[in-house]
Each structure stands twice: as C-alpha cells, then as structure tokens.
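One structure below.
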Amino acid sequence: TILLAGSSGSDVALGRYLPNGALDPSFDGDGTFTFDIREDQLLGLDLQTDGKIITVGAVWENNRSYFLVMRL
C-alpha cells in the first residue's frame with residue numbers, strides 16, 4: 001500500500017494506491033479522500049499497526065496558522 005498526503009485546492013487530500021500503482025477503490029470508494037477545513041495542508045502521515053492513518057499539517061485562518069492532526 002502506498003499513501004500520499006497533501007492538498008487539493010484548499011482541501012486536505014489523501015490517496016491510497018495498490019502495489020501495482022492503481023488507486024485503491026476500498027479507500028473511500030475511489031482511492032482518494034478530501035476534507036475541507038479552511039485553508040489547510042497535510043504535511044506528513046503515518047500508518048498505524050491497526051490500519052488507521054495519522055496525518056499532521058496546518059490550517060490557516062485570519063493570517064494565523066494552527067497545527068492539524070487527524071486520525072482516519
């Protein structure tokens with residue numbers, strides 16, 4: 001499994017790929033996940049032993065940045 005994290009427009013974005021490079025359709029139906037918080041960006045991720053994904057990043061609001069952590 002290959003995981004990618006980043007942003008799509010102003011949304012956070014994750015993609016999960018199969019070993020052959022194809023998107024994994026068992027991950028949110030089409031292999032991709034986006035979530036709109038505000039102006040946000042994922043900067044890193046980790047896969048836990050239970051299969052859950054931990055992401056870290058930042059959210060910008062009113063010219064300030066805030067730390068973002070999500071568990072999926």
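Chain labels A, B, ... are given in the sequence in which chains occur in the structure tokens; within each chain residues are numbered consecutively from 1, and ligands are likewise numbered from 1 in the order shown.
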
Contact residues around range 40-44 of chain A with only C-alpha atoms at 7 Å, ignoring same-chain residues under 2 positions, as a PDB file with N, CA, C and O atoms, in the first residue's frame:
ATOM      1  N   ALA A   5      -0.134  12.197   0.935  1.00  0.00           N
ATOM      2  CA  ALA A   5      -0.878  13.247   1.626  1.00  0.00           C
ATOM      3  C   ALA A   5      -0.465  14.593   1.066  1.00  0.00           C
ATOM      4  O   ALA A   5       0.682  14.793   0.688  1.00  0.00           O
ATOM      5  N   GLY A   6      -1.409  15.527   1.011  1.00  0.00           N
ATOM      6  CA  GLY A   6      -1.106  16.862   0.534  1.00  0.00           C
ATOM      7  C   GLY A   6      -2.357  17.710   0.541  1.00  0.00           C
ATOM      8  O   GLY A   6      -3.154  17.645   1.469  1.00  0.00           O
ATOM      9  N   SER A   7      -2.524  18.484  -0.508  1.00  0.00           N
ATOM     10  CA  SER A   7      -3.707  19.330  -0.600  1.00  0.00           C
ATOM     11  C   SER A   7      -4.233  19.318  -2.024  1.00  0.00           C
ATOM     12  O   SER A   7      -3.513  19.039  -2.968  1.00  0.00           O
ATOM     13  N   SER A  10      -7.974  24.110  -1.641  1.00  0.00           N
ATOM     14  CA  SER A  10      -7.845  24.471  -0.231  1.00  0.00           C
ATOM     15  C   SER A  10      -8.252  23.321   0.689  1.00  0.00           C
ATOM     16  O   SER A  10      -8.439  23.512   1.881  1.00  0.00           O
ATOM     17  N   ASP A  11      -8.384  22.115   0.151  1.00  0.00           N
ATOM     18  CA  ASP A  11      -8.764  20.941   0.936  1.00  0.00           C
ATOM     19  C   ASP A  11      -7.548  20.080   1.237  1.00  0.00           C
ATOM     20  O   ASP A  11      -6.598  20.049   0.464  1.00  0.00           O
ATOM     21  N   VAL A  12      -7.594  19.346   2.356  1.00  0.00           N
ATOM     22  CA  VAL A  12      -6.580  18.319   2.582  1.00  0.00           C
ATOM     23  C   VAL A  12      -6.926  17.140   1.686  1.00  0.00           C
ATOM     24  O   VAL A  12      -8.090  16.910   1.357  1.00  0.00           O
ATOM     25  N   ILE A  37     -11.386  21.996   5.672  1.00  0.00           N
ATOM     26  CA  ILE A  37     -11.433  22.599   7.000  1.00  0.00           C
ATOM     27  C   ILE A  37     -11.490  24.124   6.831  1.00  0.00           C
ATOM     28  O   ILE A  37     -12.348  24.783   7.327  1.00  0.00           O
ATOM     29  N   ARG A  38     -10.573  24.661   6.156  1.00  0.00           N
ATOM     30  CA  ARG A  38     -10.447  26.054   5.717  1.00  0.00           C
ATOM     31  C   ARG A  38      -9.313  26.027   4.720  1.00  0.00           C
ATOM     32  O   ARG A  38      -9.276  25.166   3.877  1.00  0.00           O
ATOM     33  N   THR A  55      -2.433  11.884  10.266  1.00  0.00           N
ATOM     34  CA  THR A  55      -1.885  12.943   9.430  1.00  0.00           C
ATOM     35  C   THR A  55      -1.576  14.158  10.294  1.00  0.00           C
ATOM     36  O   THR A  55      -2.211  14.391  11.326  1.00  0.00           O
ATOM     37  N   VAL A  56      -0.588  14.923   9.876  1.00  0.00           N
ATOM     38  CA  VAL A  56      -0.263  16.195  10.519  1.00  0.00           C
ATOM     39  C   VAL A  56      -0.169  17.259   9.443  1.00  0.00           C
ATOM     40  O   VAL A  56       0.146  16.970   8.295  1.00  0.00           O
ATOM     41  N   GLY A  57      -0.465  18.472   9.822  1.00  0.00           N
ATOM     42  CA  GLY A  57      -0.412  19.558   8.860  1.00  0.00           C
ATOM     43  C   GLY A  57      -0.701  20.883   9.524  1.00  0.00           C
ATOM     44  O   GLY A  57      -0.447  21.071  10.711  1.00  0.00           O
ATOM     45  N   ALA A  58      -1.262  21.790   8.745  1.00  0.00           N
ATOM     46  CA  ALA A  58      -1.538  23.143   9.226  1.00  0.00           C
ATOM     47  C   ALA A  58      -2.855  23.638   8.646  1.00  0.00           C
ATOM     48  O   ALA A  58      -3.249  23.255   7.553  1.00  0.00           O
ATOM     49  N   VAL A  59      -3.504  24.494   9.414  1.00  0.00           N
ATOM     50  CA  VAL A  59      -4.719  25.182   8.984  1.00  0.00           C
ATOM     51  C   VAL A  59      -4.455  26.673   9.135  1.00  0.00           C
ATOM     52  O   VAL A  59      -3.918  27.111  10.148  1.00  0.00           O
ATOM     53  N   TRP A  60      -4.789  27.448   8.110  1.00  0.00           N
ATOM     54  CA  TRP A  60      -4.606  28.898   8.166  1.00  0.00           C
ATOM     55  C   TRP A  60      -5.958  29.572   8.269  1.00  0.00           C
ATOM     56  O   TRP A  60      -6.889  29.253   7.523  1.00  0.00           O
TER      57      TRP A  60
END

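When the distance limit is 8 Å and only C-alpha atoms are what count, the residues near Ile2 in chain A, minus those fewer than 3 positions from it on the same chain, are Arg16, Tyr17, Leu18 and Pro19 of chain A.
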
How would the residues just chosen look if you wrote them out with C-alpha atoms as a CSV table (one decimal), in the first residue's frame?
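Output contents, as saved in selection09.csv:
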chain,number,residue,atom,x,y,z
A,16,ARG,CA,-4.1,5.3,-1.3
A,17,TYR,CA,-2.6,3.2,-4.1
A,18,LEU,CA,-2.3,-0.6,-4.6
A,19,PRO,CA,1.2,-2.2,-5.2

Any chance you could list, as a CSV table (one decimal) with N, CA and C atoms, in the first residue's frame, the residues in chain A that come up strand (DSSP E or B) when DSSP is run on the backbone?
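And here's selection.csv as it stands now:
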chain,number,residue,atom,x,y,z
A,2,ILE,N,0.5,2.2,-0.8
A,2,ILE,CA,1.2,3.5,-0.9
A,2,ILE,C,0.3,4.6,-0.5
A,3,LEU,N,0.6,5.4,0.4
A,3,LEU,CA,-0.2,6.5,0.9
A,3,LEU,C,0.5,7.8,0.5
A,4,LEU,N,-0.3,8.8,0.0
A,4,LEU,CA,0.1,10.1,-0.3
A,4,LEU,C,-0.7,11.1,0.4
A,5,ALA,N,-0.1,12.2,0.9
A,5,ALA,CA,-0.9,13.2,1.6
A,5,ALA,C,-0.5,14.6,1.1
A,6,GLY,N,-1.4,15.5,1.0
A,6,GLY,CA,-1.1,16.9,0.5
A,6,GLY,C,-2.4,17.7,0.5
A,7,SER,N,-2.5,18.5,-0.5
A,7,SER,CA,-3.7,19.3,-0.6
A,7,SER,C,-4.2,19.3,-2.0
A,8,SER,N,-5.5,19.6,-2.1
A,8,SER,CA,-6.2,19.7,-3.4
A,8,SER,C,-7.0,21.0,-3.3
A,11,ASP,N,-8.4,22.1,0.2
A,11,ASP,CA,-8.8,20.9,0.9
A,11,ASP,C,-7.5,20.1,1.2
A,12,VAL,N,-7.6,19.3,2.4
A,12,VAL,CA,-6.6,18.3,2.6
A,12,VAL,C,-6.9,17.1,1.7
A,13,ALA,N,-5.9,16.4,1.3
A,13,ALA,CA,-6.2,15.3,0.3
A,13,ALA,C,-5.3,14.1,0.7
A,14,LEU,N,-5.8,12.9,0.6
A,14,LEU,CA,-5.1,11.7,0.8
A,14,LEU,C,-5.4,10.8,-0.4
A,15,GLY,N,-4.4,10.0,-0.8
A,15,GLY,CA,-4.6,9.0,-1.8
A,15,GLY,C,-4.0,7.7,-1.4
A,16,ARG,N,-4.6,6.6,-1.6
A,16,ARG,CA,-4.1,5.3,-1.3
A,16,ARG,C,-4.0,4.4,-2.6
A,17,TYR,N,-2.8,3.9,-2.8
A,17,TYR,CA,-2.6,3.2,-4.1
A,17,TYR,C,-2.2,1.7,-3.8
A,23,LEU,N,-5.2,3.3,-8.0
A,23,LEU,CA,-5.9,3.8,-6.8
A,23,LEU,C,-6.6,2.6,-6.2
A,32,THR,N,-9.3,8.0,-3.1
A,32,THR,CA,-8.9,9.3,-2.6
A,32,THR,C,-9.9,9.8,-1.5
A,33,PHE,N,-9.3,10.7,-0.7
A,33,PHE,CA,-10.1,11.3,0.4
A,33,PHE,C,-9.8,12.8,0.4
A,34,THR,N,-10.8,13.7,0.4
A,34,THR,CA,-10.5,15.1,0.6
A,34,THR,C,-11.4,15.6,1.7
A,35,PHE,N,-10.9,16.6,2.4
A,35,PHE,CA,-11.7,17.2,3.6
A,35,PHE,C,-11.4,18.6,3.6
A,39,GLU,N,-8.4,26.9,4.8
A,39,GLU,CA,-7.1,26.8,4.0
A,39,GLU,C,-6.2,25.9,4.8
A,40,ASP,N,-6.1,24.7,4.3
A,40,ASP,CA,-5.4,23.7,5.0
A,40,ASP,C,-4.4,22.9,4.2
A,41,GLN,N,-3.5,22.2,4.8
A,41,GLN,CA,-2.5,21.4,4.1
A,41,GLN,C,-2.0,20.3,4.9
A,42,LEU,N,-1.9,19.1,4.4
A,42,LEU,CA,-1.2,18.0,5.1
A,42,LEU,C,0.2,18.0,4.8
A,43,LEU,N,1.0,17.8,5.8
A,43,LEU,CA,2.5,17.8,5.6
A,43,LEU,C,3.2,16.5,5.9
A,44,GLY,N,2.4,15.5,6.5
A,44,GLY,CA,3.0,14.2,6.8
A,44,GLY,C,2.0,13.2,7.3
A,45,LEU,N,2.3,12.0,7.3
A,45,LEU,CA,1.4,10.9,7.7
A,45,LEU,C,2.2,9.7,8.2
A,46,ASP,N,1.4,8.9,8.9
A,46,ASP,CA,2.0,7.6,9.4
A,46,ASP,C,0.8,6.6,9.4
A,47,LEU,N,1.2,5.4,9.1
A,47,LEU,CA,0.2,4.3,9.1
A,47,LEU,C,0.4,3.5,10.4
A,53,ILE,N,-4.8,5.8,9.7
A,53,ILE,CA,-3.8,6.8,9.2
A,53,ILE,C,-3.8,8.0,10.1
A,54,ILE,N,-2.6,8.4,10.5
A,54,ILE,CA,-2.5,9.7,11.3
A,54,ILE,C,-1.8,10.7,10.3
A,55,THR,N,-2.4,11.9,10.3
A,55,THR,CA,-1.9,12.9,9.4
A,55,THR,C,-1.6,14.2,10.3
A,56,VAL,N,-0.6,14.9,9.9
A,56,VAL,CA,-0.3,16.2,10.5
A,56,VAL,C,-0.2,17.3,9.4
A,57,GLY,N,-0.5,18.5,9.8
A,57,GLY,CA,-0.4,19.6,8.9
A,57,GLY,C,-0.7,20.9,9.5
A,58,ALA,N,-1.3,21.8,8.7
A,58,ALA,CA,-1.5,23.1,9.2
A,58,ALA,C,-2.9,23.6,8.6
A,59,VAL,N,-3.5,24.5,9.4
A,59,VAL,CA,-4.7,25.2,9.0
A,59,VAL,C,-4.5,26.7,9.1
A,60,TRP,N,-4.8,27.4,8.1
A,60,TRP,CA,-4.6,28.9,8.2
A,60,TRP,C,-6.0,29.6,8.3
A,61,GLU,N,-6.1,30.5,9.2
A,61,GLU,CA,-7.3,31.3,9.4
A,61,GLU,C,-6.9,32.7,9.9
A,64,ARG,N,-3.3,33.4,10.6
A,64,ARG,CA,-2.6,32.7,11.6
A,64,ARG,C,-2.6,31.2,11.2
A,65,SER,N,-1.6,30.5,11.6
A,65,SER,CA,-1.6,29.0,11.3
A,65,SER,C,-1.8,28.3,12.6
A,66,TYR,N,-2.5,27.1,12.4
A,66,TYR,CA,-2.8,26.2,13.6
A,66,TYR,C,-2.3,24.8,13.2
A,67,PHE,N,-1.9,24.1,14.2
A,67,PHE,CA,-1.4,22.7,14.0
A,67,PHE,C,-2.7,21.8,13.7
A,68,LEU,N,-2.5,20.9,12.8
A,68,LEU,CA,-3.6,20.0,12.4
A,68,LEU,C,-3.2,18.6,12.6
A,69,VAL,N,-4.0,17.8,13.3
A,69,VAL,CA,-3.8,16.3,13.5
A,69,VAL,C,-5.1,15.6,13.2
A,70,MET,N,-5.1,14.6,12.3
A,70,MET,CA,-6.3,13.9,12.1
A,70,MET,C,-6.0,12.4,12.1
A,71,ARG,N,-6.9,11.6,12.6
A,71,ARG,CA,-6.8,10.1,12.6
A,71,ARG,C,-7.9,9.6,11.8
